[in-house]
Each structure stands twice: as C-alpha cells, then as structure tokens.
Amino acid sequence: MPAVFDAAGQELLFKDKRFGREKLKNRSNNDEKHLKAFNHVESNSMLELEPPKHTRLRGLVLRAFTTRKINTMQPEIAALSYKLLDDLKSNNVDILKGFATQLPVIVIARLLGVPETMAQDLLSWSNDMVMMYQARRTKELEIKANSSTKEFVSFMEKYIEEKRYKPEDDLISHLIAAEQEGEKLTKDELISTCILLLNAGHEATVHTVGNGIKAILEHGKDRNYLRPKYINSTVEEILRYDPPLHMFTRYAYEDVIFRNHKFKCGDQVALVIGAAGRDERIWASPNKFDPFRQIKKNLSFGSGIHFCVGAPLARLELVTALPIIFKKFPNIRILDQPIYSNLYHFHGLQMLNVSLQN
C-alpha cells in the first residue's frame, strides 16, 4: 500500500475529494454472513461514509454533541479522576488498567445517558469490535466481534426506546430530538453513532492518556507545564509526540495522480500520522518532547470532513486528568520498561506499571 509520511501531503490527502473512507461497492463484504451485524453497524457509521450521507449524519450529530455540552463535564471529569485514583488499591499499579482505561468509558457512558454500571460491558464490546480494525484479525475474532455487536445493538435499542418516552439531558436524548427536527436519524444511525462514539472515543483516549503519562514521567521531575497556563500546549505536544493512532487509510474514488503516483480507482493509500508529528519541516527538534512548544495544528485527530467529532471531549479529559494524577502522586515513577502493544494503526501501551510513592 502506498503511504504518505509528511504533514503537508497528509493535509492535502485528508481534504482531497478524490479520496475517501467509504468502501466502493465492489469491495464490500456482503458475502461475510458471520459479520452481518458488524457490517450493518459499519454501513451506518459516519466514519465510513462520504457526502452526502456523511454531511447529513455529521450535521445531526453535531447538533447534539456540542462543545458547550462537553465543557460542562469538566467538574464531573475532575471528580471522577480523583475517585478512580483514590480507588487504586496498591502502591504499585498498572495505571493504564486502573485509570486510563476506566476514565473514558465511564465518561462516555454518562454522556450517552446509560448506566455506568454497564461500563465494563461497554468496554468488553468495544474491545471486541475494535479488533476488527487490526491486521491480525482471525475468523474467531470476527465471530466474537459480530456477537458483541449484536449485544451492543440490543442494549442500545432498549435505551433508545426508553429515551423516546422519557428524554433527559444526555446524548441519546439529544440525538433523538435531532431526529425529530425534519431531517431524521434512523434508529440504525442512532445506534451506529452511539457505538462509534464509544469505540473511537474510548480507544484513542485510553492510548493518549497512557502515552501522555509515559512521556511526562520520562521527561523529568520539573512539571510546571502541567499548570493551567501551559496544560493545553502540553496536551497538544503529547498528541504530536506520541499520538494514539499512527495511520489512517483512504480509497481512491477515481484514477488519479497524486505526487506523481498513479492510483487506480479502489486503490488504498496510508496516511502515517505518527510520522507527520515528527516532520522536521513543521516541528523544530521533532524527536524532543517539549511541552512548552508553540501550539501548531497536528493531525492526531485527522483533518477535513472526517476530523474526529470526539476530539474536544478527548482533549478535555486529558487537560483535566493529567494534572490531577501528578498533583495527587507527585512522586509517581515508572517501574518497568513500558512496552507498546502490537497493534495495527492504534498506538498505545500494553501496560504502564508505576509506583505511586517513593
């Protein structure tokens, strides 16, 4: 598969209408009967669609998933961060498992308006479905992902029906309201959107929190950059330096020449966003973690029409949670050499074992 590594080239490709996310019809998997439930959810996911379907669906989602609503969650995210850290039972812990994995799934459960007691089920379903995007997927993993999709869909159907009759101030209720304002979201689109927000939002945030803690711990003990004045630039530097995804892909929708490379209709191209963050034409000393670096646009959440709708929430979780971790445990240190997971395009740690006290 051809790949683009530089930031400028990726920015061009993200916005080039001759390339897109949606699979061409002759490349669909209609013969994969064991993936019927999963493929049906994917077919209604705005991540996998192009205009005009994508435009309509994204517009309706953004009416409900507003920055105003997200920003009201900061006190709640802070309180949850303290609680999860208080609940750590040992001085030596895998903070990825005990904190980074738990925070995003509980936040998204609260945002959707589903019981956070279901967080572990949501997490399990999400992990099974996300395996579908890995290079090492097998028939067994595909069957498991399809089964989890069925359970996830059944769960969401129940709560969507409840919210129709008893709406509250949550994302499901707001998505239903958007459905009733002329342009409608179908029930399948509602379900796919909720699943997408959980799967994409959770997975990327877990990796960014883990990668961020690691980068900060390896940077030294002077952590003035976690103060409110600098925390936004610190989070952007984490996203640039060690992003949660290293690659997006696009299909060519016609025979096209891009930078002297001839693509045939249906060919794929990889946008290696992990490399874009180390592009020395954009970043001075790109291999250095510098939290005081001037903020510039990075491509960690994509660009163009598919820019991640959950990016504001992910950034808010990072801006809120990271200073709390190091305020509560100022002597936190890494115990074992961190090892990155063997993942395809996601980029995160297997575990992050730390000592919380000297």
# chains A, B, ... in the order shown; residues from 1 in each chain; ligands from 1
$ select_by_dssp --residues "stretch 145-175 of chain A" --states "alpha helix (DSSP H)" --output "ChimeraX atom specification"
/A:145-165,171-175
$ residues_around --residues "A:Phe99" --least-positions-apart "5" --cutoff "12 Å" --atoms "only C-alpha atoms" --output "ChimeraX atom specification"
/A:80-89,93-94,104-106,205-207,209-210,213,321-322,324-325,351-354
$ select_by_dssp --residues "stretch 218-266 of chain A" --states "strand (DSSP E or B)" --output "list in words"
Leu245, Phe248, Thr249, Arg250, Tyr251, Ala252, Val256, Ile257, Phe258, His261, Lys262 and Phe263 of chain A
$ residues_around --residues "stretch 185-196 of chain A" --least-positions-apart "6" --cutoff "9 Å" --atoms "only C-alpha atoms" --output "list in words"
His40, Val41, Glu42, Ser43, Asn44, Ser45, Met46, Leu47, Leu57, Leu60, Val61, Leu112, Ser126, Thr149, Phe152, Val153, Met156, Glu157, Ile160, Leu171, Ile172, Leu175, Ile176, Ala178 and Glu179 of chain A
$ write_last_selection --atoms "N, CA, C and O atoms" --output "compact mmCIF listing (two decimals), in the first residue's frame"
# COMPACT_ATOMS: atom_id res chain seq x y z
N HIS A 40 -23.48 -4.26 9.29
CA HIS A 40 -24.66 -3.40 9.26
C HIS A 40 -24.42 -2.13 10.08
O HIS A 40 -24.78 -1.02 9.66
N VAL A 41 -23.79 -2.30 11.24
CA VAL A 41 -23.46 -1.13 12.05
C VAL A 41 -22.47 -0.23 11.31
O VAL A 41 -22.62 0.99 11.27
N GLU A 42 -21.45 -0.84 10.69
CA GLU A 42 -20.46 -0.07 9.94
C GLU A 42 -21.10 0.70 8.78
O GLU A 42 -20.67 1.82 8.47
N SER A 43 -22.11 0.12 8.15
CA SER A 43 -22.73 0.75 6.99
C SER A 43 -23.47 2.03 7.35
O SER A 43 -23.80 2.83 6.48
N ASN A 44 -23.76 2.22 8.64
CA ASN A 44 -24.45 3.43 9.10
C ASN A 44 -23.54 4.33 9.93
O ASN A 44 -24.01 5.28 10.56
N SER A 45 -22.24 4.04 9.93
CA SER A 45 -21.29 4.82 10.72
C SER A 45 -20.73 5.97 9.88
O SER A 45 -20.23 5.74 8.78
N MET A 46 -20.78 7.19 10.42
CA MET A 46 -20.29 8.33 9.64
C MET A 46 -18.79 8.26 9.40
O MET A 46 -18.26 8.88 8.48
N LEU A 47 -18.08 7.45 10.20
CA LEU A 47 -16.65 7.27 9.99
C LEU A 47 -16.38 6.60 8.65
O LEU A 47 -15.33 6.83 8.02
N LEU A 57 -25.42 13.15 8.31
CA LEU A 57 -25.29 12.47 9.59
C LEU A 57 -24.42 13.26 10.55
O LEU A 57 -24.78 13.45 11.73
N LEU A 60 -26.27 16.33 11.98
CA LEU A 60 -27.23 15.99 13.03
C LEU A 60 -26.53 15.63 14.33
O LEU A 60 -26.97 16.01 15.42
N VAL A 61 -25.42 14.92 14.24
CA VAL A 61 -24.68 14.53 15.45
C VAL A 61 -24.12 15.78 16.15
O VAL A 61 -24.19 15.90 17.38
N LEU A 112 -23.64 9.50 27.15
CA LEU A 112 -24.73 8.87 26.40
C LEU A 112 -26.01 8.79 27.22
O LEU A 112 -27.11 8.85 26.68
N SER A 126 -16.66 -3.00 23.09
CA SER A 126 -15.82 -2.10 22.31
C SER A 126 -14.51 -2.79 21.94
O SER A 126 -14.07 -2.73 20.78
N THR A 149 -21.24 -7.14 18.78
CA THR A 149 -22.04 -6.12 18.09
C THR A 149 -23.52 -6.36 18.33
O THR A 149 -24.28 -5.42 18.60
N PHE A 152 -24.35 -5.28 21.81
CA PHE A 152 -24.28 -3.83 21.90
C PHE A 152 -25.53 -3.21 21.27
O PHE A 152 -26.16 -2.31 21.84
N VAL A 153 -25.91 -3.69 20.10
CA VAL A 153 -27.09 -3.17 19.40
C VAL A 153 -28.35 -3.40 20.22
O VAL A 153 -29.19 -2.51 20.37
N MET A 156 -28.42 -0.93 23.07
CA MET A 156 -28.72 0.43 22.63
C MET A 156 -30.18 0.56 22.20
O MET A 156 -30.81 1.61 22.44
N GLU A 157 -30.73 -0.45 21.58
CA GLU A 157 -32.14 -0.41 21.18
C GLU A 157 -33.04 -0.18 22.39
O GLU A 157 -33.97 0.63 22.35
N ILE A 160 -32.59 3.48 23.65
CA ILE A 160 -33.16 4.45 22.73
C ILE A 160 -34.67 4.50 22.89
O ILE A 160 -35.28 5.58 22.93
N LEU A 171 -26.83 12.47 25.63
CA LEU A 171 -26.59 12.47 24.19
C LEU A 171 -27.63 11.68 23.43
O LEU A 171 -28.06 12.08 22.34
N ILE A 172 -28.06 10.54 23.96
CA ILE A 172 -29.07 9.75 23.26
C ILE A 172 -30.35 10.56 23.10
O ILE A 172 -30.94 10.61 22.01
N LEU A 175 -29.81 13.22 20.47
CA LEU A 175 -29.79 12.65 19.12
C LEU A 175 -31.20 12.31 18.65
O LEU A 175 -31.53 12.49 17.48
N ILE A 176 -32.02 11.83 19.55
CA ILE A 176 -33.42 11.56 19.21
C ILE A 176 -34.14 12.85 18.85
O ILE A 176 -34.92 12.92 17.90
N ALA A 178 -32.79 15.51 17.62
CA ALA A 178 -32.32 15.92 16.30
C ALA A 178 -33.03 15.12 15.22
O ALA A 178 -33.35 15.63 14.15
N GLU A 179 -33.34 13.88 15.51
CA GLU A 179 -34.05 13.02 14.57
C GLU A 179 -35.45 13.57 14.28
O GLU A 179 -35.99 13.38 13.20
$ atom_distance --atom1 "atom CA of A:Gln350" --atom2 "atom CA of A:Leu122"
19.8 Å
$ residues_around --residues "stretch 312-316 of chain A" --least-positions-apart "5" --cutoff "12 Å" --atoms "only C-alpha atoms" --output "PyMOL selection string"
chain A and resi 62+65-78+100+103-105+107-108+111+197-198+200-209+212+231-239+244+300-301+307+321-323
$ closest_atom_pairs --of "stretch 118-228 of chain A" --to "stretch 283-291 of chain A" --cutoff "8 Å" --atoms "only C-alpha atoms" --output "JSON lines"
{"residue": "A:Ala215", "atom": "CA", "partner": "A:Phe289", "partner_atom": "CA", "distance": 7.4}
{"residue": "A:His219", "atom": "CA", "partner": "A:Phe289", "partner_atom": "CA", "distance": 7.3}
{"residue": "A:Tyr225", "atom": "CA", "partner": "A:Pro291", "partner_atom": "CA", "distance": 6.2}
$ closest_residue --among "A:Lys327, A:His174, A:His306, A:His347" --to "A:Thr55" --atoms "only C-alpha atoms"
A:His306
$ closest_residue --among "A:Met131, A:Ala119, A:Val309, A:Leu356" --to "A:Leu343" --atoms "only C-alpha atoms"
A:Met131
$ residues_around --residues "A:Ala8" --least-positions-apart "3" --cutoff "9 Å" --atoms "only C-alpha atoms" --output "MDAnalysis selection string"
chainID A and resid 5 11:13 276 282
$ write_last_selection --atoms "N, CA, C and O atoms" --output "tab-separated table (two decimals), in the first residue's frame"
chain	number	residue	atom	x	y	z
A	5	PHE	N	3.96	10.28	4.30
A	5	PHE	CA	4.55	10.45	5.63
A	5	PHE	C	4.63	11.90	6.09
A	5	PHE	O	4.63	12.16	7.29
A	11	GLU	N	-2.20	16.48	4.90
A	11	GLU	CA	-3.22	17.51	4.95
A	11	GLU	C	-3.93	17.61	3.60
A	11	GLU	O	-5.17	17.73	3.54
A	12	LEU	N	-3.19	17.54	2.52
A	12	LEU	CA	-3.77	17.58	1.19
A	12	LEU	C	-4.69	16.39	0.94
A	12	LEU	O	-5.80	16.53	0.44
A	13	LEU	N	-4.21	15.20	1.33
A	13	LEU	CA	-5.00	13.99	1.08
A	13	LEU	C	-6.27	13.94	1.93
A	13	LEU	O	-7.31	13.49	1.47
A	276	ALA	N	3.84	12.30	10.64
A	276	ALA	CA	3.53	13.73	10.43
A	276	ALA	C	3.91	14.55	11.66
A	276	ALA	O	4.36	15.70	11.54
A	282	ILE	N	7.92	21.01	9.87
A	282	ILE	CA	6.87	21.66	10.68
A	282	ILE	C	7.36	21.91	12.10
A	282	ILE	O	7.09	22.95	12.70
$ residues_around --residues "A:Ala270" --least-positions-apart "2" --cutoff "8 Å" --atoms "only C-alpha atoms" --output "PyMOL selection string"
chain A and resi 1-4+247-250+268+272
$ closest_residue --among "A:Ala135, A:Leu141, A:Leu217, A:Leu35" --to "A:Phe329" --atoms "only C-alpha atoms"
A:Leu217
$ closest_residue --among "A:Ile334, A:Ser303, A:Pro52, A:Ile295" --to "A:Lys15" --atoms "only C-alpha atoms"
A:Ser303
$ atom_distance --atom1 "atom CA of A:Glu254" --atom2 "atom CA of A:Lys17"
10.1 Å
$ atom_distance --atom1 "atom CA of A:Gly266" --atom2 "atom CA of A:Lys23"
8.1 Å
